[in-house]
$ cat final_38.cif   # mmCIF, C-alpha atoms
data_protein
loop_
_atom_site.group_PDB
_atom_site.id
_atom_site.type_symbol
_atom_site.label_atom_id
_atom_site.label_comp_id
_atom_site.auth_asym_id
_atom_site.auth_seq_id
_atom_site.Cartn_x
_atom_site.Cartn_y
_atom_site.Cartn_z
ATOM 1 C CA MET A 1 81.188 97.562 70.080
ATOM 2 C CA ASP A 2 84.359 96.651 71.980
ATOM 3 C CA ILE A 3 83.436 96.053 75.655
ATOM 4 C CA ASN A 4 87.065 96.665 76.677
ATOM 5 C CA ILE A 5 86.773 100.396 76.004
ATOM 6 C CA LEU A 6 83.581 100.946 78.011
ATOM 7 C CA PRO A 7 84.157 102.504 81.461
ATOM 8 C CA ILE A 8 83.000 99.782 83.832
ATOM 9 C CA ILE A 9 85.711 99.284 86.491
ATOM 10 C CA PRO A 10 85.076 101.363 89.644
ATOM 11 C CA SER A 11 87.841 103.904 90.171
ATOM 12 C CA ARG A 12 88.254 103.028 93.857
ATOM 13 C CA TYR A 13 90.415 100.051 92.889
ATOM 14 C CA CYS A 14 92.688 101.991 90.536
ATOM 15 C CA LEU A 15 93.035 104.707 93.153
ATOM 16 C CA MET A 16 94.007 102.135 95.795
ATOM 17 C CA LEU A 17 96.539 100.712 93.367
ATOM 18 C CA ILE A 18 97.992 104.174 92.730
ATOM 19 C CA GLU A 19 98.394 104.740 96.472
ATOM 20 C CA LEU A 20 100.262 101.436 96.724
ATOM 21 C CA LEU A 21 102.464 102.408 93.763
ATOM 22 C CA LYS A 22 103.215 105.760 95.404
ATOM 23 C CA GLN A 23 104.371 103.932 98.546
ATOM 24 C CA ARG A 24 106.681 101.839 96.376
ATOM 25 C CA GLU A 25 108.068 104.971 94.715
ATOM 26 C CA THR A 26 106.905 103.831 91.279
ATOM 27 C CA PRO A 27 106.839 106.610 88.656
ATOM 28 C CA LEU A 28 103.192 107.557 88.085
ATOM 29 C CA GLN A 29 103.341 109.850 85.037
ATOM 30 C CA GLU A 30 102.420 107.155 82.514
ATOM 31 C CA ILE A 31 99.674 105.738 84.741
ATOM 32 C CA VAL A 32 97.957 109.068 85.378
ATOM 33 C CA ALA A 33 98.148 109.767 81.640
ATOM 34 C CA ILE A 34 96.452 106.430 80.884
ATOM 35 C CA LEU A 35 93.671 107.180 83.387
ATOM 36 C CA ASP A 36 93.532 110.904 82.577
ATOM 37 C CA ILE A 37 93.620 111.920 86.246
ATOM 38 C CA GLU A 38 95.695 114.197 88.426
ATOM 39 C CA VAL A 39 97.566 112.578 91.326
ATOM 40 C CA GLU A 40 96.948 115.642 93.497
ATOM 41 C CA ASN A 41 93.169 115.160 93.190
ATOM 42 C CA LEU A 42 92.889 111.409 93.761
ATOM 43 C CA ALA A 43 90.262 111.772 96.481
ATOM 44 C CA GLU A 44 87.983 113.623 94.052
ATOM 45 C CA GLN A 45 88.064 110.772 91.532
ATOM 46 C CA GLY A 46 85.936 108.385 93.634
ATOM 47 C CA ASP A 47 82.896 108.000 91.375
ATOM 48 C CA ARG A 48 84.691 107.598 88.066
ATOM 49 C CA LYS A 49 84.906 104.369 86.160
ATOM 50 C CA PHE A 50 87.710 103.127 83.949
ATOM 51 C CA SER A 51 87.666 100.788 80.979
ATOM 52 C CA LEU A 52 89.170 97.318 81.081
ATOM 53 C CA GLN A 53 91.614 98.533 78.440
ATOM 54 C CA GLN A 54 92.789 101.334 80.751
ATOM 55 C CA VAL A 55 93.108 98.906 83.670
ATOM 56 C CA GLU A 56 95.113 96.467 81.527
ATOM 57 C CA GLN A 57 97.450 99.312 80.499
ATOM 58 C CA VAL A 58 97.895 100.384 84.134
ATOM 59 C CA ILE A 59 98.745 96.809 85.134
ATOM 60 C CA GLN A 60 101.243 96.458 82.266
ATOM 61 C CA CYS A 61 102.844 99.776 83.144
ATOM 62 C CA SER A 62 103.003 98.962 86.872
ATOM 63 C CA LEU A 63 104.526 95.526 86.424
ATOM 64 C CA LYS A 64 107.413 96.702 84.263
ATOM 65 C CA TYR A 65 109.153 97.963 87.428
ATOM 66 C CA PRO A 66 111.104 95.289 89.358
ATOM 67 C CA GLN A 67 109.905 96.521 92.758
ATOM 68 C CA ASN A 68 106.350 95.548 91.766
ATOM 69 C CA TYR A 69 106.876 91.813 91.207
ATOM 70 C CA ASP A 70 104.460 91.118 94.094
ATOM 71 C CA LEU A 71 102.047 93.953 93.336
ATOM 72 C CA ALA A 72 98.940 91.790 92.835
ATOM 73 C CA PHE A 73 99.654 89.919 96.078
ATOM 74 C CA GLU A 74 100.031 93.134 98.090
ATOM 75 C CA PHE A 75 97.106 94.819 96.344
ATOM 76 C CA GLY A 76 94.856 91.857 97.140
ATOM 77 C CA LYS A 77 95.718 92.206 100.827
ATOM 78 C CA LEU A 78 94.301 95.749 100.714
ATOM 79 C CA LEU A 79 90.964 94.587 99.322
ATOM 80 C CA ASN A 80 89.091 94.041 102.566
ATOM 81 C CA LEU A 81 85.305 94.106 102.693
ATOM 82 C CA SER A 82 85.129 97.822 103.396
ATOM 83 C CA ALA A 83 86.990 98.482 100.122
ATOM 84 C CA HIS A 84 83.944 97.312 98.156
ATOM 85 C CA SER A 85 81.564 100.156 98.978
ATOM 86 C CA LEU A 86 77.935 99.135 99.515
ATOM 87 C CA VAL A 87 78.494 95.490 98.553
ATOM 88 C CA GLY A 88 81.151 95.213 101.252
ATOM 89 C CA TYR A 89 78.823 96.798 103.793
ATOM 90 C CA LEU A 90 76.071 94.349 102.822
ATOM 91 C CA MET A 91 78.472 91.464 103.375
ATOM 92 C CA LEU A 92 79.660 92.854 106.718
ATOM 93 C CA THR A 93 76.068 93.064 107.959
ATOM 94 C CA SER A 94 75.126 89.567 106.781
ATOM 95 C CA GLU A 95 73.915 87.151 109.432
ATOM 96 C CA THR A 96 76.042 84.262 108.155
ATOM 97 C CA LEU A 97 79.062 83.714 105.962
ATOM 98 C CA LEU A 98 76.873 81.825 103.494
ATOM 99 C CA GLN A 99 74.470 84.757 103.263
ATOM 100 C CA ALA A 100 77.442 87.080 102.635
ATOM 101 C CA GLN A 101 78.655 84.760 99.861
ATOM 102 C CA HIS A 102 75.238 84.795 98.201
ATOM 103 C CA TYR A 103 75.130 88.593 98.342
ATOM 104 C CA LEU A 104 78.596 88.737 96.857
ATOM 105 C CA SER A 105 77.631 86.444 93.988
ATOM 106 C CA GLN A 106 74.500 88.495 93.341
ATOM 107 C CA TYR A 107 76.284 91.862 93.283
ATOM 108 C CA PHE A 108 79.807 90.908 92.208
ATOM 109 C CA LYS A 109 79.468 92.811 88.932
ATOM 110 C CA LEU A 110 79.329 95.985 91.043
ATOM 111 C CA VAL A 111 82.620 95.033 92.689
ATOM 112 C CA ILE A 112 84.579 93.937 89.626
ATOM 113 C CA PRO A 113 82.488 93.510 86.487
ATOM 114 C CA ASN A 114 85.106 91.642 84.484
ATOM 115 C CA PHE A 115 84.657 88.555 86.693
ATOM 116 C CA LYS A 116 81.730 86.373 87.692
ATOM 117 C CA TYR A 117 81.466 85.004 91.236
ATOM 118 C CA SER A 118 79.170 82.035 91.875
ATOM 119 C CA VAL A 119 78.164 80.101 94.977
ATOM 120 C CA TYR A 120 77.065 76.480 94.800
ATOM 121 C CA GLU A 121 75.722 74.565 97.735
ATOM 122 C CA ASP A 122 74.322 71.152 98.386
ATOM 123 C CA GLU A 123 73.482 69.281 101.543
ATOM 124 C CA HIS A 124 77.084 68.974 102.763
ATOM 125 C CA THR A 125 79.278 71.469 100.936
ATOM 126 C CA VAL A 126 79.494 75.000 99.675
ATOM 127 C CA SER A 127 81.826 75.950 96.876
ATOM 128 C CA VAL A 128 82.549 79.182 95.089
ATOM 129 C CA THR A 129 83.951 79.892 91.659
ATOM 130 C CA MET A 130 85.360 83.026 90.169
ATOM 131 C CA GLU A 131 85.838 83.197 86.445
ATOM 132 C CA PRO A 132 86.467 85.873 83.843
ATOM 133 C CA ALA A 133 83.278 87.401 82.489
ATOM 134 C CA MET A 134 85.039 89.032 79.542
ATOM 135 C CA PRO A 135 88.254 88.557 77.619
ATOM 136 C CA MET A 136 91.398 90.195 79.002
ATOM 137 C CA ASP A 137 95.086 89.929 78.305
ATOM 138 C CA HIS A 138 97.147 87.251 80.051
ATOM 139 C CA LEU A 139 99.020 89.642 82.358
ATOM 140 C CA SER A 140 95.817 91.335 83.505
ATOM 141 C CA LEU A 141 94.063 88.013 84.036
ATOM 142 C CA ASN A 142 96.904 86.738 86.224
ATOM 143 C CA PHE A 143 97.012 90.005 88.165
ATOM 144 C CA HIS A 144 93.260 89.890 88.846
ATOM 145 C CA LEU A 145 93.310 86.215 89.840
ATOM 146 C CA GLU A 146 96.173 86.704 92.282
ATOM 147 C CA ALA A 147 94.688 89.880 93.776
ATOM 148 C CA ASN A 148 91.244 88.283 94.119
ATOM 149 C CA ALA A 149 92.700 85.139 95.701
ATOM 150 C CA MET A 150 94.519 87.271 98.286
ATOM 151 C CA ALA A 151 91.407 89.375 98.924
ATOM 152 C CA ILE A 152 89.304 86.269 99.561
ATOM 153 C CA TYR A 153 91.981 84.746 101.771
ATOM 154 C CA HIS A 154 92.287 87.901 103.877
ATOM 155 C CA SER A 155 88.535 88.486 104.101
#

$ encode --input "final_38.cif" --output "structure tokens"
Amino acid sequence: MDINILPIIPSRYCLMLIELLKQRETPLQEIVAILDIEVENLAEQGDRKFSLQQVEQVIQCSLKYPQNYDLAFEFGKLLNLSAHSLVGYLMLTSETLLQAQHYLSQYFKLVIPNFKYSVYEDEHTVSVTMEPAMPMDHLSLNFHLEANAMAIYHS
């Protein structure tokens, strides 16, 4: 079975991306067709999940417009801790940054299942890694890496 067609990506991220695209006056017809949603009812789409294939198509469609050259950068800035539902709340209520990082690594698949987030610590240092957990096309991989880097930087 092809994992790319299973609905695993929480809709909250696609819906945030659509709001950003609306602000940039990007045509949304193709994107809403890919996701099979209605723009007028975005708020009602909160619990849906989309497949990696759908997300890759949305990214490809979004990036074909010149005004979206920095889309991943700007999208990543929107991904604050409160954007991540219960995992974000758990991190916000953590006693230390290290504890928040461990929670994030434990529950990262609930945030974005196509990546793995790991925390390594020894006596003097703490390091984190984020790596793809499943294959994705080059454009989507770059988009996710840039957006995640910006989200981590801003958080």

$ closest_residue --input "final_38.cif" --among "A:Gln67, A:Asn142, A:Ser118, A:Ser155" --to "Ala83 in chain A" --atoms "all atoms listed in the file"
A:Ser155

$ atom_distance --input "final_38.cif" --atom1 "CA of Glu146 in chain A" --atom2 "CA of Asn68 in chain A"
13.5 Å

$ residues_near_point --input "final_38.cif" --point "(97.4, 96.7, 88.5)" --cutoff "12 Å" --atoms "only C-alpha atoms" --output "ChimeraX atom specification"
/A:13-21,31,52-65,68-76,139-148

$ atom_distance --input "final_38.cif" --atom1 "CA of Ile9 in chain A" --atom2 "CA of Phe50 in chain A"
5.0 Å

$ atom_distance --input "final_38.cif" --atom1 "CA of Thr26 in chain A" --atom2 "CA of Met150 in chain A"
21.8 Å

$ closest_residue --input "final_38.cif" --among "A:Val126, A:Leu92, A:Ile37, A:Ile8" --to "Val111 in chain A" --atoms "all atoms listed in the file"
A:Ile8

$ closest_residue --input "final_38.cif" --among "A:Gln23, A:Asp122, A:Leu90, A:Glu95" --to "Tyr107 in chain A" --atoms "all atoms listed in the file"
A:Leu90

$ closest_residue --input "final_38.cif" --among "A:Arg24, A:Tyr120, A:Thr129, A:Thr96" --to "Phe108 in chain A" --atoms "all atoms listed in the file"
A:Thr129

$ closest_residue --input "final_38.cif" --among "A:Tyr117, A:Pro66, A:His124, A:Gln29" --to "Ile152 in chain A" --atoms "all atoms listed in the file"
A:Tyr117

$ residues_around --input "final_38.cif" --residues "Tyr103 in chain A" --least-positions-apart "4" --cutoff "10 Å" --atoms "all atoms listed in the file" --output "PyMOL selection string"
chain A and resi 87-88+90-91+94+97-99+107-108+119
